[in-house]
Number of protein chains: 2
Amino acid sequence: MVVGGGFGGLYTVRKLRKAPVNITLVDRRNFHLFQPLPYQVSNGGLSPADIASPLRHVFKRQRNARVVLGEAVAVDPVGRRLLLADGELAYDTLVIATGVRSDYFGHDGWEPLAPGLKSIEDAVEIRRRVLAAFEAAEREPDPARRRAWLTFVVVGGGPTGVELAGALGELAHHSMRGEFRSIDLRESRVILVEGSERVLPSFPPALSHRAQRSLARLAVEARTGTRVVGIDPEGVDLQAGGRAERLSARTVLWAAGIAGTSLGRVLHEATDCELDPIGRVIVEPDLTVPGYPELFVIGDLAHVKFRGVPLPGIAPAAIQEGKYVARVIHAARSGHANPAPFRYLDKGALATIGRFAAVAEFHGLRFWGIPAWLVWLAIHITYLIGFENRVLVLIQWTNMYFRRGRGARLITHGPPVPVDREHAAQQPPYTAPAP
Amino acid sequence: MVVGGGFGGLYTVRKLRKAPVNITLVDRRNFHLFQPLPYQVSNGGLSPADIASPLRHVFKRQRNARVVLGEAVAVDPVGRRLLLADGELAYDTLVIATGVRSDYFGHDGWEPLAPGLKSIEDAVEIRRRVLAAFEAAEREPDPARRRAWLTFVVVGGGPTGVELAGALGELAHHSMRGEFRSIDLRESRVILVEGSERVLPSFPPALSHRAQRSLARLAVEARTGTRVVGIDPEGVDLQAGGRAERLSARTVLWAAGIAGTSLGRVLHEATDCELDPIGRVIVEPDLTVPGYPELFVIGDLAHVKFRGVPLPGIAPAAIQEGKYVARVIHAARSGHANPAPFRYLDKGALATIGRFAAVAEFHGLRFWGIPAWLVWLAIHITYLIGFENRVLVLIQWTNMYFRRGRGARLITHGPPVPVDREHAAQQPPYTAPAP
């Protein structure tokens, strides 16, 4: 049984397609989400369905696999039962791949003010907030308040934050150019806040530097060495060195902290396994939970040490872990010897910053600009699940990168213009400026 | 000033692009919705963004047009002001094109039980309910309850109801075939309830008959001469002739009644204009409100009599009315004589029933099957707004009609499996059937 239909879970099930086993894949959503791309939904470049594949369709022809929709809430490792919110399932072998969620470093009150980017609904909500902020600015006569609507803060300078900030810069300065009549989009600011001394801190310094230059070309201001100490509906409080700064901004997005999903803590309580400080399960070299050879944790929820350092929470690691676990299970069921401990093949690191710009490192080779961007394009198209999704994404990328178009800019599932009740009460009613 | 960015409003603004006027288009949404296709979102065939175009993008190059996001709530025809929920706008000429909404014949309690299909959110919600019903059925051990999850009732046998029922039939009997492990999809039923004696009552009887045969091939049961007298969470109560019948069905969809949006009533109160029984504004032959030559109502909200009968609420009528009003306004501003009264060019009627099947009537010519379906395809692709949307829709239709695929089958913005609390409490916890 596999819990979670992300990269780890999906590749575990796929790799077991010829094994003499019956697989149940449990997920609370009915689709696999291609986690590297929700940020492109959040800026209107792609539609949710372009980066999601219905799990039943993915496993339609794999007759030894069944999909069950349900929310896993606990594990009974002795009785070998997975407890759902509304039922339970018995298992022989359990692979947990439920990933991570956004974490606000103990400031849970920040969550509604600065949404993260973990689900389709998150991406649609960020899209709504960003587009509605421009609409509010178009209607705002007061210059200071207009600037606050046109200021976007992205917290966290890792790959997600960099990609999100770059995409917002493109949206404001290129895709929407000429579409508004009252505001000057060049007034809009995207500010990327990163606590460490450079963006993409997990990359080599030379590539961080390249990325920062690409961001600057999209008018993204990178504030490195800066921490966010407060978020409220009107803006953020920053701290850089000893200096405090206040930024008026009506839109704040979160790409900073992550923490293991709740099954990590559940496992800790049930098996006494160790968790790392962000709640990931520290697993054995064969990716099992210590003392439970039939209980695996893989993907972002697993803390896997390889050559002394924990693996990053990226798709290639999850895919390799999923395939490895499938081999272990297959070997055990076929009576073969257990495979050697898990070995990670480092495929490098990759981040994109708007059109024709990316930074990449492969096996010590570093490159950037258009070559890195083409590699990024090829890899993302290849790993997207489903032929139709690939075609749809390619077409929209052609439109986006060559014609600067973004067709999916819909404000849905919430108010189209954020009405500022308190402010509105003190203001004369809205009247359009003379045409 | 134009209120509403549907077909009527959009074509009014477009047609005025060379007129010496400044146009403000007011809409509460930031996109034009291609109203003939939300039903294809509701069954996972297309994504919301495929059938919606951001209004700012549509009018980017039309320099005499501006887009204002706002909800129009009232009109002051003497002071020539349009009142918004949070402000007001002055106008010289006002074109109201806010369309219709779903209406439940006084049973407002039915709305949450049987959603209509007027907005993107409606379509996403119907998609969620339909897909979640199959998921609930897959997990339901009790045969009677399973059948209720697999029974779908569409109320209303006009073009929308027929297209929706046909698409549901295809989804259940073709697109999802082989994807479930516990349920037999052939058990699923789609029941189309129509009060009059045949489906598509506005079409010639021969075409209604053809449509009914096409529906039957998709296992859609058409219950004509039947009225819905009750809807509750467990099913519907029907009345046919003198006989009452109870249908257990967990998913009920509404394609029956429509009524004019609230600006119709507002106009009636402000100008004493006449409304028809479903709240549409009865306009003069030049589409103005009686006594107010600068106040037009067009599209679905207008009751336009032509040769003694009111025009149907379809896109070609709205488009022709929009273009006509633009000509009237242009003539007035250029000092030309007023054009002749509005004349409607009847382009016929068209409805599709799943793949390769449609019925059509053009200028007295009746056809059906593949020829009608090809005409349907060509017209819908032509009138979709935006090149990218056309390409994306064509690709997904290729996948849908030739490979029976439906890639946008995502359950979002709500629970993925409807948990039946009351029932669950009496049941042993859910366990998957033995694989």
# chains A, B, ... in the order shown; residues from 1 in each chain; ligands from 1

call {"tool": "residues_around", "arguments": {"residues": "range 300-311 of chain B", "least_positions_apart": "3", "cutoff": "10 Å", "atoms": "only C-alpha atoms", "output": "PyMOL selection string"}}
result
chain B and resi 6-8+96-101+258-264+274-276+278-289+296-297+314-315+317-318+321+342-346

call {"tool": "write_last_selection", "arguments": {"atoms": "N, CA and C atoms", "output": "short mmCIF file (atom, residue, chain, number, x, y, z; two decimals), in the first residue's frame"}}
result
data_model
loop_
_atom_site.label_atom_id
_atom_site.label_comp_id
_atom_site.auth_asym_id
_atom_site.auth_seq_id
_atom_site.Cartn_x
_atom_site.Cartn_y
_atom_site.Cartn_z
N GLY B 6 -20.21 39.68 -21.53
CA GLY B 6 -20.60 38.48 -22.28
C GLY B 6 -20.61 38.80 -23.77
N PHE B 7 -21.33 37.99 -24.54
CA PHE B 7 -21.34 38.20 -25.98
C PHE B 7 -21.87 39.58 -26.36
N GLY B 8 -22.99 39.98 -25.73
CA GLY B 8 -23.60 41.27 -26.08
C GLY B 8 -22.66 42.43 -25.81
N ILE B 96 -26.83 47.84 -21.11
CA ILE B 96 -26.86 46.83 -20.04
C ILE B 96 -26.96 45.45 -20.68
N ALA B 97 -26.00 44.61 -20.34
CA ALA B 97 -25.93 43.28 -20.95
C ALA B 97 -25.48 42.28 -19.89
N THR B 98 -26.22 42.24 -18.78
CA THR B 98 -25.78 41.41 -17.65
C THR B 98 -26.38 40.01 -17.66
N GLY B 99 -27.24 39.73 -18.65
CA GLY B 99 -27.68 38.36 -18.84
C GLY B 99 -28.66 37.82 -17.83
N VAL B 100 -28.65 36.50 -17.71
CA VAL B 100 -29.61 35.81 -16.85
C VAL B 100 -28.87 34.97 -15.82
N ARG B 101 -29.61 34.51 -14.84
CA ARG B 101 -29.07 33.61 -13.82
C ARG B 101 -29.98 32.39 -13.75
N ILE B 258 -34.36 29.92 -15.99
CA ILE B 258 -33.49 31.09 -15.93
C ILE B 258 -34.36 32.30 -15.65
N ALA B 259 -33.73 33.35 -15.14
CA ALA B 259 -34.43 34.61 -14.90
C ALA B 259 -33.42 35.73 -15.11
N GLY B 260 -33.95 36.90 -15.47
CA GLY B 260 -33.08 38.05 -15.68
C GLY B 260 -32.29 38.39 -14.43
N THR B 261 -31.07 38.89 -14.61
CA THR B 261 -30.27 39.32 -13.47
C THR B 261 -30.90 40.57 -12.84
N SER B 262 -30.40 40.93 -11.66
CA SER B 262 -31.10 41.92 -10.82
C SER B 262 -31.20 43.30 -11.46
N LEU B 263 -30.33 43.63 -12.40
CA LEU B 263 -30.45 44.96 -13.01
C LEU B 263 -31.77 45.13 -13.77
N GLY B 264 -32.38 44.03 -14.18
CA GLY B 264 -33.69 44.12 -14.83
C GLY B 264 -34.71 44.74 -13.90
N GLU B 274 -41.43 47.77 -18.63
CA GLU B 274 -42.12 46.51 -18.40
C GLU B 274 -41.14 45.34 -18.38
N LEU B 275 -41.37 44.37 -17.51
CA LEU B 275 -40.58 43.14 -17.51
C LEU B 275 -41.47 42.00 -17.98
N ASP B 276 -40.86 41.00 -18.61
CA ASP B 276 -41.66 39.81 -18.95
C ASP B 276 -41.69 38.88 -17.72
N ILE B 278 -40.22 36.31 -16.80
CA ILE B 278 -38.97 35.83 -16.21
C ILE B 278 -38.00 37.00 -15.96
N GLY B 279 -38.54 38.20 -15.89
CA GLY B 279 -37.73 39.32 -15.42
C GLY B 279 -36.84 39.95 -16.48
N ARG B 280 -37.10 39.67 -17.76
CA ARG B 280 -36.32 40.32 -18.81
C ARG B 280 -36.98 41.65 -19.18
N VAL B 281 -36.17 42.61 -19.59
CA VAL B 281 -36.68 43.95 -19.88
C VAL B 281 -37.24 43.99 -21.31
N ILE B 282 -38.49 44.40 -21.43
CA ILE B 282 -39.11 44.50 -22.76
C ILE B 282 -38.66 45.82 -23.38
N VAL B 283 -37.89 45.74 -24.44
CA VAL B 283 -37.28 46.93 -25.02
C VAL B 283 -37.99 47.38 -26.30
N GLU B 284 -37.67 48.58 -26.73
CA GLU B 284 -38.21 49.15 -27.97
C GLU B 284 -37.55 48.46 -29.18
N PRO B 285 -38.09 48.70 -30.37
CA PRO B 285 -37.48 48.08 -31.56
C PRO B 285 -36.01 48.51 -31.78
N ASP B 286 -35.59 49.62 -31.18
CA ASP B 286 -34.17 49.98 -31.30
C ASP B 286 -33.39 49.56 -30.05
N LEU B 287 -33.96 48.67 -29.25
CA LEU B 287 -33.32 48.05 -28.07
C LEU B 287 -33.10 49.01 -26.91
N THR B 288 -33.78 50.17 -26.97
CA THR B 288 -33.70 51.08 -25.82
C THR B 288 -34.83 50.79 -24.83
N VAL B 289 -34.64 51.30 -23.61
CA VAL B 289 -35.69 51.24 -22.61
C VAL B 289 -36.68 52.35 -22.94
N PHE B 296 -29.79 51.30 -23.24
CA PHE B 296 -30.06 50.09 -24.02
C PHE B 296 -30.00 48.85 -23.13
N VAL B 297 -30.80 47.85 -23.49
CA VAL B 297 -30.65 46.54 -22.86
C VAL B 297 -30.53 45.52 -23.99
N ILE B 314 -29.76 33.26 -26.96
CA ILE B 314 -28.60 32.54 -27.49
C ILE B 314 -27.57 33.55 -27.98
N ALA B 315 -26.34 33.05 -28.13
CA ALA B 315 -25.22 33.92 -28.47
C ALA B 315 -25.44 34.72 -29.77
N ALA B 317 -28.04 35.97 -31.10
CA ALA B 317 -28.93 37.11 -30.85
C ALA B 317 -28.18 38.20 -30.10
N ALA B 318 -27.43 37.82 -29.06
CA ALA B 318 -26.70 38.82 -28.27
C ALA B 318 -25.66 39.54 -29.13
N GLU B 321 -27.36 41.95 -31.50
CA GLU B 321 -27.88 43.11 -30.76
C GLU B 321 -26.73 44.05 -30.37
N PHE B 342 -33.92 47.30 -35.12
CA PHE B 342 -33.13 46.06 -35.09
C PHE B 342 -33.82 44.95 -35.86
N ARG B 343 -33.07 44.29 -36.70
CA ARG B 343 -33.59 43.12 -37.41
C ARG B 343 -32.74 41.91 -37.06
N TYR B 344 -33.38 40.84 -36.70
CA TYR B 344 -32.66 39.64 -36.30
C TYR B 344 -32.51 38.73 -37.50
N LEU B 345 -31.29 38.29 -37.74
CA LEU B 345 -31.05 37.32 -38.79
C LEU B 345 -30.95 35.95 -38.14
N ASP B 346 -31.99 35.15 -38.35
CA ASP B 346 -32.04 33.85 -37.68
C ASP B 346 -31.02 32.91 -38.31
#

call {"tool": "interface_residues", "arguments": {"of": "chain A", "to": "chain B", "cutoff": "8 Å", "atoms": "only C-alpha atoms", "output": "PyMOL selection string"}}
result
chain A and resi 22+28-31+47-50+52-54+56-57+59-61+66-70+86-90+120-121+135+139+176+178-181+388-389+392+395-396+399+407-413+416-417+419+424+428-432+435

call {"tool": "atom_distance", "arguments": {"atom1": "CA of Trp110 in chain A", "atom2": "CA of Asp122 in chain A"}}
result
14.4 Å

call {"tool": "select_by_dssp", "arguments": {"residues": "range 205-319 of chain A", "states": "alpha helix (DSSP H)", "output": "PyMOL selection string"}}
result
chain A and resi 205-217+262-271+315-319

call {"tool": "atom_distance", "arguments": {"atom1": "CA of Val162 in chain B", "atom2": "CA of Pro205 in chain B"}}
result
14.8 Å

call {"tool": "select_by_dssp", "arguments": {"residues": "range 245-347 of chain A", "states": "strand (DSSP E or B)", "output": "list in words"}}
result
Glu245, Arg246, Leu247, Ser248, Thr251, Val252, Leu253, Trp254, Gly257, Ile258, Ala259, Gly260, Leu275, Val281, Ile282, Thr288, Val289, Tyr292, Pro293, Glu294, Leu295, Phe296, Val297, Ala302, His303, Lys305, Phe306, Val309 and Pro310 of chain A

call {"tool": "closest_residue", "arguments": {"among": "B:His174, B:Gly169, B:Glu187, B:Phe367", "to": "Ala137 in chain B", "atoms": "only C-alpha atoms"}}
result
B:Glu187

call {"tool": "residues_around", "arguments": {"residues": "Asn338 in chain A", "least_positions_apart": "4", "cutoff": "10 Å", "atoms": "only C-alpha atoms", "output": "PyMOL selection string"}}
result
chain A and resi 286+327-332

call {"tool": "residues_around", "arguments": {"residues": "Pro159 in chain A", "least_positions_apart": "6", "cutoff": "10 Å", "atoms": "only C-alpha atoms", "output": "VMD selection string"}}
result
chain A and resid 36 165 199 to 203 255 349 to 353

call {"tool": "write_last_selection", "arguments": {"atoms": "C-alpha atoms", "output": "mmCIF file, in the first residue's frame"}}
result
data_model
loop_
_atom_site.group_PDB
_atom_site.id
_atom_site.type_symbol
_atom_site.label_atom_id
_atom_site.label_comp_id
_atom_site.auth_asym_id
_atom_site.auth_seq_id
_atom_site.Cartn_x
_atom_site.Cartn_y
_atom_site.Cartn_z
ATOM 1 C CA PRO A 36 7.487 21.996 -9.781
ATOM 2 C CA ALA A 165 9.279 36.249 -8.031
ATOM 3 C CA VAL A 199 19.402 33.783 -3.287
ATOM 4 C CA LEU A 200 19.394 30.053 -4.099
ATOM 5 C CA PRO A 201 21.624 29.328 -1.087
ATOM 6 C CA SER A 202 21.786 25.622 -1.959
ATOM 7 C CA PHE A 203 23.410 26.439 -5.333
ATOM 8 C CA ALA A 255 7.990 30.305 -0.202
ATOM 9 C CA ALA A 349 20.201 21.470 -9.506
ATOM 10 C CA LEU A 350 18.068 23.676 -11.691
ATOM 11 C CA ALA A 351 16.022 26.844 -11.255
ATOM 12 C CA THR A 352 14.392 29.104 -13.816
ATOM 13 C CA ILE A 353 13.944 32.867 -13.652
#

call {"tool": "decode", "arguments": {"residues": "range 208-222 of chain A", "atoms": "N, CA and C atoms", "output": "compact mmCIF listing (two decimals), in the first residue's frame"}}
result
# COMPACT_ATOMS: atom_id res chain seq x y z
N SER A 208 24.14 31.65 -7.91
CA SER A 208 23.27 32.57 -7.16
C SER A 208 23.42 33.97 -7.75
N HIS A 209 24.65 34.31 -8.04
CA HIS A 209 24.94 35.63 -8.59
C HIS A 209 24.26 35.82 -9.95
N ARG A 210 24.37 34.80 -10.80
CA ARG A 210 23.69 34.85 -12.11
C ARG A 210 22.18 35.01 -11.94
N ALA A 211 21.64 34.21 -11.02
CA ALA A 211 20.18 34.25 -10.79
C ALA A 211 19.77 35.66 -10.35
N GLN A 212 20.58 36.24 -9.48
CA GLN A 212 20.24 37.57 -8.98
C GLN A 212 20.25 38.60 -10.11
N ARG A 213 21.17 38.43 -11.05
CA ARG A 213 21.20 39.36 -12.19
C ARG A 213 19.98 39.16 -13.09
N SER A 214 19.60 37.90 -13.29
CA SER A 214 18.39 37.65 -14.09
C SER A 214 17.16 38.24 -13.42
N LEU A 215 17.09 38.11 -12.11
CA LEU A 215 15.96 38.68 -11.37
C LEU A 215 15.93 40.20 -11.53
N ALA A 216 17.10 40.81 -11.44
CA ALA A 216 17.16 42.27 -11.54
C ALA A 216 16.64 42.75 -12.90
N ARG A 217 16.91 41.96 -13.95
CA ARG A 217 16.41 42.34 -15.28
C ARG A 217 14.89 42.33 -15.33
N LEU A 218 14.26 41.54 -14.46
CA LEU A 218 12.80 41.52 -14.39
C LEU A 218 12.31 42.47 -13.30
N ALA A 219 13.20 43.36 -12.85
CA ALA A 219 12.87 44.36 -11.84
C ALA A 219 12.47 43.74 -10.51
N VAL A 220 12.98 42.54 -10.24
CA VAL A 220 12.78 41.95 -8.92
C VAL A 220 13.92 42.39 -8.02
N GLU A 221 13.57 42.99 -6.86
CA GLU A 221 14.59 43.40 -5.91
C GLU A 221 14.84 42.26 -4.93
N ALA A 222 16.05 41.74 -4.92
CA ALA A 222 16.37 40.67 -3.98
C ALA A 222 16.94 41.28 -2.71
